[in-house]
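Q: For reference, this is final39.pdb, and it has PDB, C-alpha atoms.
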MODEL        1
ATOM      1  CA  MET A   1     -35.674-134.949 -46.435  1.00  0.00           C
ATOM      2  CA  THR A   2     -32.193-136.365 -46.567  1.00  0.00           C
ATOM      3  CA  ARG A   3     -29.243-135.069 -44.678  1.00  0.00           C
ATOM      4  CA  ARG A   4     -27.809-133.902 -48.003  1.00  0.00           C
ATOM      5  CA  ALA A   5     -30.942-131.837 -48.620  1.00  0.00           C
ATOM      6  CA  LEU A   6     -30.653-130.290 -45.169  1.00  0.00           C
ATOM      7  CA  ILE A   7     -27.002-129.513 -45.787  1.00  0.00           C
ATOM      8  CA  ILE A   8     -27.928-127.850 -49.069  1.00  0.00           C
ATOM      9  CA  ILE A   9     -30.677-125.864 -47.374  1.00  0.00           C
ATOM     10  CA  ALA A  10     -28.197-124.832 -44.688  1.00  0.00           C
ATOM     11  CA  ILE A  11     -25.746-123.741 -47.396  1.00  0.00           C
ATOM     12  CA  LEU A  12     -28.528-121.854 -49.173  1.00  0.00           C
ATOM     13  CA  ALA A  13     -29.503-120.193 -45.905  1.00  0.00           C
ATOM     14  CA  ALA A  14     -25.875-119.237 -45.281  1.00  0.00           C
ATOM     15  CA  ALA A  15     -25.573-117.905 -48.826  1.00  0.00           C
ATOM     16  CA  ILE A  16     -28.751-115.880 -48.413  1.00  0.00           C
ATOM     17  CA  THR A  17     -27.410-114.528 -45.135  1.00  0.00           C
ATOM     18  CA  ALA A  18     -24.064-113.681 -46.728  1.00  0.00           C
ATOM     19  CA  SER A  19     -25.666-112.018 -49.732  1.00  0.00           C
ATOM     20  CA  ALA A  20     -28.065-110.180 -47.426  1.00  0.00           C
ATOM     21  CA  GLN A  21     -25.049-108.440 -45.928  1.00  0.00           C
ATOM     22  CA  ARG A  22     -24.324-106.960 -49.368  1.00  0.00           C
ATOM     23  CA  GLN A  23     -27.926-106.450 -50.433  1.00  0.00           C
ATOM     24  CA  PRO A  24     -31.025-105.157 -48.723  1.00  0.00           C
ATOM     25  CA  LYS A  25     -32.397-107.702 -46.276  1.00  0.00           C
ATOM     26  CA  LEU A  26     -35.159-109.951 -47.594  1.00  0.00           C
ATOM     27  CA  SER A  27     -38.544-109.375 -46.053  1.00  0.00           C
ATOM     28  CA  GLU A  28     -40.273-112.208 -44.221  1.00  0.00           C
ATOM     29  CA  GLU A  29     -42.754-112.307 -47.100  1.00  0.00           C
ATOM     30  CA  GLN A  30     -39.931-112.764 -49.624  1.00  0.00           C
ATOM     31  CA  VAL A  31     -38.391-115.539 -47.532  1.00  0.00           C
ATOM     32  CA  GLN A  32     -41.752-117.316 -47.231  1.00  0.00           C
ATOM     33  CA  GLN A  33     -42.350-116.925 -50.962  1.00  0.00           C
ATOM     34  CA  GLY A  34     -38.946-118.479 -51.693  1.00  0.00           C
ATOM     35  CA  LEU A  35     -39.640-121.391 -49.360  1.00  0.00           C
ATOM     36  CA  ALA A  36     -43.052-121.897 -50.985  1.00  0.00           C
ATOM     37  CA  GLU A  37     -41.408-121.951 -54.429  1.00  0.00           C
ATOM     38  CA  ILE A  38     -38.943-124.584 -53.244  1.00  0.00           C
ATOM     39  CA  ARG A  39     -41.777-126.670 -51.794  1.00  0.00           C
ATOM     40  CA  ASN A  40     -43.770-126.396 -55.056  1.00  0.00           C
ATOM     41  CA  TYR A  41     -40.697-127.453 -57.017  1.00  0.00           C
ATOM     42  CA  LYS A  42     -40.211-130.450 -54.719  1.00  0.00           C
ATOM     43  CA  HIS A  43     -43.858-131.443 -55.160  1.00  0.00           C
ATOM     44  CA  ARG A  44     -43.580-131.329 -58.956  1.00  0.00           C
ATOM     45  CA  MET A  45     -40.364-133.347 -58.878  1.00  0.00           C
ATOM     46  CA  PHE A  46     -41.749-135.981 -56.488  1.00  0.00           C
ATOM     47  CA  ILE A  47     -44.818-136.425 -58.697  1.00  0.00           C
ATOM     48  CA  LYS A  48     -42.496-137.014 -61.657  1.00  0.00           C
ATOM     49  CA  GLU A  49     -39.742-139.029 -59.965  1.00  0.00           C
ATOM     50  CA  LEU A  50     -42.037-141.295 -57.938  1.00  0.00           C
ATOM     51  CA  ASP A  51     -44.706-141.457 -60.649  1.00  0.00           C
ATOM     52  CA  LEU A  52     -47.317-140.550 -58.045  1.00  0.00           C
ATOM     53  CA  LYS A  53     -50.928-141.236 -58.931  1.00  0.00           C
ATOM     54  CA  LYS A  54     -53.497-138.487 -58.320  1.00  0.00           C
ATOM     55  CA  GLU A  55     -54.966-140.416 -55.378  1.00  0.00           C
ATOM     56  CA  GLN A  56     -51.500-140.668 -53.756  1.00  0.00           C
ATOM     57  CA  GLU A  57     -50.423-137.047 -54.135  1.00  0.00           C
ATOM     58  CA  GLN A  58     -52.313-135.354 -51.287  1.00  0.00           C
ATOM     59  CA  LYS A  59     -51.668-138.177 -48.817  1.00  0.00           C
ATOM     60  CA  PHE A  60     -47.963-138.273 -49.693  1.00  0.00           C
ATOM     61  CA  PHE A  61     -47.482-134.514 -49.457  1.00  0.00           C
ATOM     62  CA  ASP A  62     -49.381-134.305 -46.171  1.00  0.00           C
ATOM     63  CA  VAL A  63     -46.853-136.740 -44.687  1.00  0.00           C
ATOM     64  CA  TYR A  64     -43.780-135.465 -46.516  1.00  0.00           C
ATOM     65  CA  ASP A  65     -44.402-131.793 -45.792  1.00  0.00           C
ATOM     66  CA  LYS A  66     -44.936-132.492 -42.099  1.00  0.00           C
ATOM     67  CA  MET A  67     -41.623-134.390 -41.950  1.00  0.00           C
ATOM     68  CA  ASP A  68     -39.900-131.715 -44.021  1.00  0.00           C
ATOM     69  CA  ASP A  69     -41.146-129.015 -41.624  1.00  0.00           C
ATOM     70  CA  GLU A  70     -39.754-130.924 -38.630  1.00  0.00           C
ATOM     71  CA  LEU A  71     -36.384-131.374 -40.311  1.00  0.00           C
ATOM     72  CA  PHE A  72     -36.294-127.722 -41.350  1.00  0.00           C
ATOM     73  CA  ALA A  73     -37.121-126.596 -37.804  1.00  0.00           C
ATOM     74  CA  LEU A  74     -34.360-128.798 -36.394  1.00  0.00           C
ATOM     75  CA  GLY A  75     -31.849-127.389 -38.889  1.00  0.00           C
ATOM     76  CA  THR A  76     -32.910-123.822 -38.149  1.00  0.00           C
ATOM     77  CA  GLU A  77     -32.651-124.410 -34.410  1.00  0.00           C
ATOM     78  CA  MET A  78     -29.190-125.927 -34.723  1.00  0.00           C
ATOM     79  CA  ARG A  79     -27.867-123.160 -37.019  1.00  0.00           C
ATOM     80  CA  GLU A  80     -29.176-120.514 -34.613  1.00  0.00           C
ATOM     81  CA  LEU A  81     -27.605-122.271 -31.603  1.00  0.00           C
ATOM     82  CA  GLU A  82     -24.297-122.560 -33.457  1.00  0.00           C
ATOM     83  CA  ARG A  83     -24.403-118.914 -34.596  1.00  0.00           C
ATOM     84  CA  LYS A  84     -25.204-117.574 -31.135  1.00  0.00           C
ATOM     85  CA  THR A  85     -22.551-119.656 -29.409  1.00  0.00           C
ATOM     86  CA  TYR A  86     -19.890-118.876 -32.017  1.00  0.00           C
ATOM     87  CA  ALA A  87     -20.655-115.150 -31.803  1.00  0.00           C
ATOM     88  CA  ASP A  88     -20.455-115.181 -27.999  1.00  0.00           C
ATOM     89  CA  ALA A  89     -16.840-114.397 -27.200  1.00  0.00           C
ATOM     90  CA  GLN A  90     -17.601-115.210 -23.556  1.00  0.00           C
ATOM     91  CA  ALA A  91     -18.893-118.725 -24.283  1.00  0.00           C
ATOM     92  CA  SER A  92     -17.077-121.218 -22.073  1.00  0.00           C
ATOM     93  CA  ASP A  93     -15.313-124.300 -23.361  1.00  0.00           C
ATOM     94  CA  LEU A  94     -18.120-126.370 -21.846  1.00  0.00           C
ATOM     95  CA  GLU A  95     -20.777-124.371 -23.712  1.00  0.00           C
ATOM     96  CA  CYS A  96     -18.830-124.684 -26.979  1.00  0.00           C
ATOM     97  CA  SER A  97     -18.342-128.418 -26.479  1.00  0.00           C
ATOM     98  CA  THR A  98     -22.014-128.913 -25.658  1.00  0.00           C
ATOM     99  CA  VAL A  99     -23.120-127.083 -28.803  1.00  0.00           C
ATOM    100  CA  ALA A 100     -20.519-128.894 -30.919  1.00  0.00           C
ATOM    101  CA  ARG A 101     -21.826-132.242 -29.635  1.00  0.00           C
ATOM    102  CA  ALA A 102     -25.406-131.193 -30.426  1.00  0.00           C
ATOM    103  CA  LEU A 103     -24.324-130.307 -33.965  1.00  0.00           C
ATOM    104  CA  PHE A 104     -22.668-133.689 -34.382  1.00  0.00           C
ATOM    105  CA  GLU A 105     -25.835-135.379 -33.095  1.00  0.00           C
ATOM    106  CA  GLN A 106     -28.031-133.499 -35.561  1.00  0.00           C
ATOM    107  CA  LYS A 107     -27.790-136.240 -38.192  1.00  0.00           C
ATOM    108  CA  LYS A 108     -28.957-138.793 -35.639  1.00  0.00           C
ATOM    109  CA  LYS A 109     -31.971-136.626 -34.808  1.00  0.00           C
ATOM    110  CA  GLU A 110     -32.726-136.212 -38.520  1.00  0.00           C
ATOM    111  CA  ALA A 111     -32.598-139.978 -39.001  1.00  0.00           C
ATOM    112  CA  GLU A 112     -34.936-140.485 -36.043  1.00  0.00           C
ATOM    113  CA  ILE A 113     -37.413-138.027 -37.541  1.00  0.00           C
ATOM    114  CA  GLU A 114     -37.261-139.735 -40.945  1.00  0.00           C
ATOM    115  CA  LEU A 115     -37.741-143.185 -39.411  1.00  0.00           C
ATOM    116  CA  ARG A 116     -40.824-141.988 -37.533  1.00  0.00           C
ATOM    117  CA  TYR A 117     -42.424-141.262 -40.899  1.00  0.00           C
ATOM    118  CA  TYR A 118     -41.403-144.476 -42.663  1.00  0.00           C
ATOM    119  CA  ASP A 119     -44.607-146.408 -41.881  1.00  0.00           C
ATOM    120  CA  GLN A 120     -46.745-143.481 -42.986  1.00  0.00           C
ATOM    121  CA  PHE A 121     -44.898-143.376 -46.307  1.00  0.00           C
ATOM    122  CA  ALA A 122     -45.294-147.147 -46.619  1.00  0.00           C
ATOM    123  CA  ASP A 123     -49.066-146.723 -46.238  1.00  0.00           C
ATOM    124  CA  VAL A 124     -49.163-144.280 -49.181  1.00  0.00           C
ATOM    125  CA  LEU A 125     -46.428-145.433 -51.556  1.00  0.00           C
ATOM    126  CA  THR A 126     -45.860-148.719 -53.327  1.00  0.00           C
ATOM    127  CA  PRO A 127     -42.711-150.587 -52.283  1.00  0.00           C
ATOM    128  CA  ARG A 128     -40.958-149.453 -55.499  1.00  0.00           C
ATOM    129  CA  GLN A 129     -41.944-145.826 -54.900  1.00  0.00           C
ATOM    130  CA  LEU A 130     -40.733-146.094 -51.323  1.00  0.00           C
ATOM    131  CA  LEU A 131     -37.421-147.433 -52.590  1.00  0.00           C
ATOM    132  CA  LYS A 132     -37.136-144.498 -55.025  1.00  0.00           C
ATOM    133  CA  LEU A 133     -37.938-141.844 -52.401  1.00  0.00           C
ATOM    134  CA  LYS A 134     -34.391-141.246 -51.137  1.00  0.00           C
ATOM    135  CA  GLY A 135     -32.995-141.126 -54.672  1.00  0.00           C
ATOM    136  CA  ALA A 136     -35.645-138.571 -55.616  1.00  0.00           C
ATOM    137  CA  GLU A 137     -34.681-136.455 -52.589  1.00  0.00           C
ATOM    138  CA  ARG A 138     -31.021-136.556 -53.644  1.00  0.00           C
ATOM    139  CA  LYS A 139     -31.905-135.565 -57.210  1.00  0.00           C
ATOM    140  CA  ILE A 140     -34.064-132.676 -56.010  1.00  0.00           C
ATOM    141  CA  SER A 141     -31.292-131.465 -53.692  1.00  0.00           C
ATOM    142  CA  MET A 142     -28.707-131.596 -56.477  1.00  0.00           C
ATOM    143  CA  ASN A 143     -31.026-129.700 -58.829  1.00  0.00           C
ATOM    144  CA  LEU A 144     -31.638-127.018 -56.204  1.00  0.00           C
ATOM    145  CA  ALA A 145     -27.900-126.677 -55.593  1.00  0.00           C
ATOM    146  CA  LYS A 146     -27.215-126.369 -59.338  1.00  0.00           C
ATOM    147  CA  TYR A 147     -29.957-123.776 -59.705  1.00  0.00           C
ATOM    148  CA  HIS A 148     -28.629-121.793 -56.759  1.00  0.00           C
ATOM    149  CA  GLY A 149     -25.120-121.891 -58.225  1.00  0.00           C
ATOM    150  CA  ARG A 150     -26.291-120.637 -61.624  1.00  0.00           C
ATOM    151  CA  LYS A 151     -28.431-117.928 -60.029  1.00  0.00           C
ATOM    152  CA  HIS A 152     -25.455-116.498 -58.128  1.00  0.00           C
ATOM    153  CA  ASN A 153     -22.901-117.133 -60.870  1.00  0.00           C
ATOM    154  CA  PRO A 154     -24.630-116.645 -64.249  1.00  0.00           C
ATOM    155  CA  HIS A 155     -21.511-117.748 -66.140  1.00  0.00           C
ATOM    156  CA  LYS A 156     -21.813-121.310 -64.806  1.00  0.00           C
ATOM    157  CA  LYS A 157     -23.514-123.788 -67.092  1.00  0.00           C
TER     158      LYS A 157
ENDMDL
END
In structure tokens, write the structure found in this file.
A:
Amino acid sequence: MTRRALIIIAILAAAITASAQRQPKLSEEQVQQGLAEIRNYKHRMFIKELDLKKEQEQKFFDVYDKMDDELFALGTEMRELERKTYADAQASDLECSTVARALFEQKKKEAEIELRYYDQFADVLTPRQLLKLKGAERKISMNLAKYHGRKHNPHKK
């Protein structure tokens, strides 16, 4: 998953959190259902965008989903660390600086995770499909952001 996708997921998570303050809180089941819907959408889009063959699909998604889960966990961990530190009025300058540095280093950690999976993707995808992977991720992220915007502002086209 690209950094842009993680940023969009973070924005979606923040929007869900903000809307949850005005609406009843989503149950864990509802959250998991929403995440499953997003994952299913991504799978459909990757099949289309990368022109995955049937024999590639399961192998690709086994690798991609594992990487996606790692990136999601990192993003969740960093948002929680940021939220807790920001909310702590007693947090020292050192604590704030340490968390700020960790947030700035998040992209580096994301890149390291993605690079760890590169060879596994190369074993499943053709070189052209591998080249198209990042573009497909960007397209999926943009589509999710557009959908989210229309869902929360029905007057947007």
Q: Which residues of region 60-80 of chain A have any atom within 12 Å of an atom in region 129-138 of chain A when counting all atoms listed in the file, and what is the closest pair of atoms for each, with the distance in Å to one decimal? Order the rows by chain and rising number and write it as CSV.
A:
residue,atom,partner,partner_atom,distance
A:Phe60,CA,A:Leu130,CA,10.8
A:Tyr64,CA,A:Leu133,CA,10.5
A:Asp68,CA,A:Glu137,CA,11.1
Q: Given the point (-33.8, -133.8, -61.1) in the coordinates of this file, which residues lie within 10 Å, counting all atoms listed in the file, and how would they look as a list in words?
A: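 Residues with an atom close enough to that point: Lys42, Met45, Phe46, Lys48, Glu49, Gly135, Ala136, Glu137, Arg138, Lys139, Ile140, Ser141, Met142, Asn143 and Leu144 of chain A.
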Q: Could you work out how far CA of Asp65 (chain A) lies from CA of Arg39 (chain A), giving the answer in Å with one decimal?
A: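 The value is 8.3 Å.
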Q: Around region 43-51 of chain A, fit a box with edges along x, y and z, padding it by 6 Å on each side, then list its centre and edge lengths in Å to one decimal as AutoDock Vina command-line options.
A:
--center_x -42.3 --center_y -136.4 --center_z -58.4 --size_x 17.1 --size_y 22.1 --size_z 18.5
Q: Could you state the separation of CA of Ile47 (chain A) and CA of Leu115 (chain A) in Å, given to one decimal place?
A: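 Value for the CA of Ile47 (chain A)-CA of Leu115 (chain A) distance: 21.6 Å.
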Q: How many Å lie between CA of Val124 (chain A) and CA of Asp51 (chain A), rounded to one decimal?
A: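 A separation of 12.6 Å between them.
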Q: Could you list the residues chosen by the PyMOL selection byres ((chain A and resi 105-110) around 12) in this structure as a VMD selection string?
A: chain A and resid 1 to 7 67 to 79 81 to 82 98 to 104 111 to 117
Q: Choose the residue, out of A:Gln30, A:Gln56, A:Thr85, A:Gln90, that has the smallest atom-to-atom separation from Phe121 (chain A); count all atoms listed in the file.
A: A:Gln56
Q: Taking all atoms listed in the file into account, which of A:Asp93, A:Glu57, A:Glu37, A:Glu28 comes nearest Leu125 (chain A)?
A: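 Checking each candidate against Leu125 (chain A), we get A:Glu57 as the closest.
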Q: Have a look at A:Ala122, A:Lys84, A:His148, A:Ser92 and name the one nearest to Gly34 (chain A); count all atoms listed in the file.
A: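 Closest to Gly34 (chain A), using all atoms listed in the file: A:His148.
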Q: Here is a test: counting all atoms listed in the file, which residue of A:Glu29, A:Glu55, A:Asp62, A:Glu80 is nearest to Gln120 (chain A)?
A: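 Of the candidates, the smallest distance to Gln120 (chain A) is held by A:Asp62.
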Q: For region 107-121 of chain A, supply N, CA, C and O atoms and report the output as a tab-separated table (two decimals), in the frame of the given file.
A:
chain	number	residue	atom	x	y	z
A	107	LYS	N	-27.47	-135.21	-37.19
A	107	LYS	CA	-27.79	-136.24	-38.19
A	107	LYS	C	-28.58	-137.39	-37.57
A	107	LYS	O	-29.49	-137.94	-38.18
A	108	LYS	N	-28.23	-137.74	-36.35
A	108	LYS	CA	-28.96	-138.79	-35.64
A	108	LYS	C	-30.41	-138.38	-35.42
A	108	LYS	O	-31.33	-139.16	-35.65
A	109	LYS	N	-30.62	-137.13	-35.02
A	109	LYS	CA	-31.97	-136.63	-34.81
A	109	LYS	C	-32.75	-136.60	-36.12
A	109	LYS	O	-33.94	-136.91	-36.16
A	110	GLU	N	-32.08	-136.22	-37.20
A	110	GLU	CA	-32.73	-136.21	-38.52
A	110	GLU	C	-33.15	-137.63	-38.90
A	110	GLU	O	-34.27	-137.83	-39.40
A	111	ALA	N	-32.28	-138.59	-38.68
A	111	ALA	CA	-32.60	-139.98	-39.00
A	111	ALA	C	-33.78	-140.47	-38.17
A	111	ALA	O	-34.66	-141.18	-38.69
A	112	GLU	N	-33.82	-140.09	-36.91
A	112	GLU	CA	-34.94	-140.49	-36.04
A	112	GLU	C	-36.26	-139.90	-36.55
A	112	GLU	O	-37.28	-140.58	-36.56
A	113	ILE	N	-36.22	-138.65	-36.99
A	113	ILE	CA	-37.41	-138.03	-37.54
A	113	ILE	C	-37.86	-138.78	-38.80
A	113	ILE	O	-39.03	-139.13	-38.95
A	114	GLU	N	-36.92	-139.04	-39.70
A	114	GLU	CA	-37.26	-139.74	-40.94
A	114	GLU	C	-37.84	-141.12	-40.67
A	114	GLU	O	-38.81	-141.53	-41.29
A	115	LEU	N	-37.25	-141.84	-39.73
A	115	LEU	CA	-37.74	-143.18	-39.41
A	115	LEU	C	-39.14	-143.16	-38.81
A	115	LEU	O	-39.93	-144.09	-39.03
A	116	ARG	N	-39.47	-142.11	-38.08
A	116	ARG	CA	-40.82	-141.99	-37.53
A	116	ARG	C	-41.87	-141.91	-38.63
A	116	ARG	O	-43.01	-142.30	-38.45
A	117	TYR	N	-41.48	-141.43	-39.79
A	117	TYR	CA	-42.42	-141.26	-40.90
A	117	TYR	C	-42.44	-142.45	-41.87
A	117	TYR	O	-43.29	-142.51	-42.76
A	118	TYR	N	-41.52	-143.37	-41.71
A	118	TYR	CA	-41.40	-144.48	-42.66
A	118	TYR	C	-42.73	-145.23	-42.85
A	118	TYR	O	-43.16	-145.47	-43.99
A	119	ASP	N	-43.37	-145.64	-41.77
A	119	ASP	CA	-44.61	-146.41	-41.88
A	119	ASP	C	-45.71	-145.61	-42.56
A	119	ASP	O	-46.51	-146.18	-43.31
A	120	GLN	N	-45.74	-144.31	-42.32
A	120	GLN	CA	-46.74	-143.48	-42.99
A	120	GLN	C	-46.49	-143.43	-44.49
A	120	GLN	O	-47.43	-143.48	-45.28
A	121	PHE	N	-45.23	-143.34	-44.88
A	121	PHE	CA	-44.90	-143.38	-46.31
A	121	PHE	C	-45.27	-144.73	-46.89
A	121	PHE	O	-45.80	-144.82	-48.00
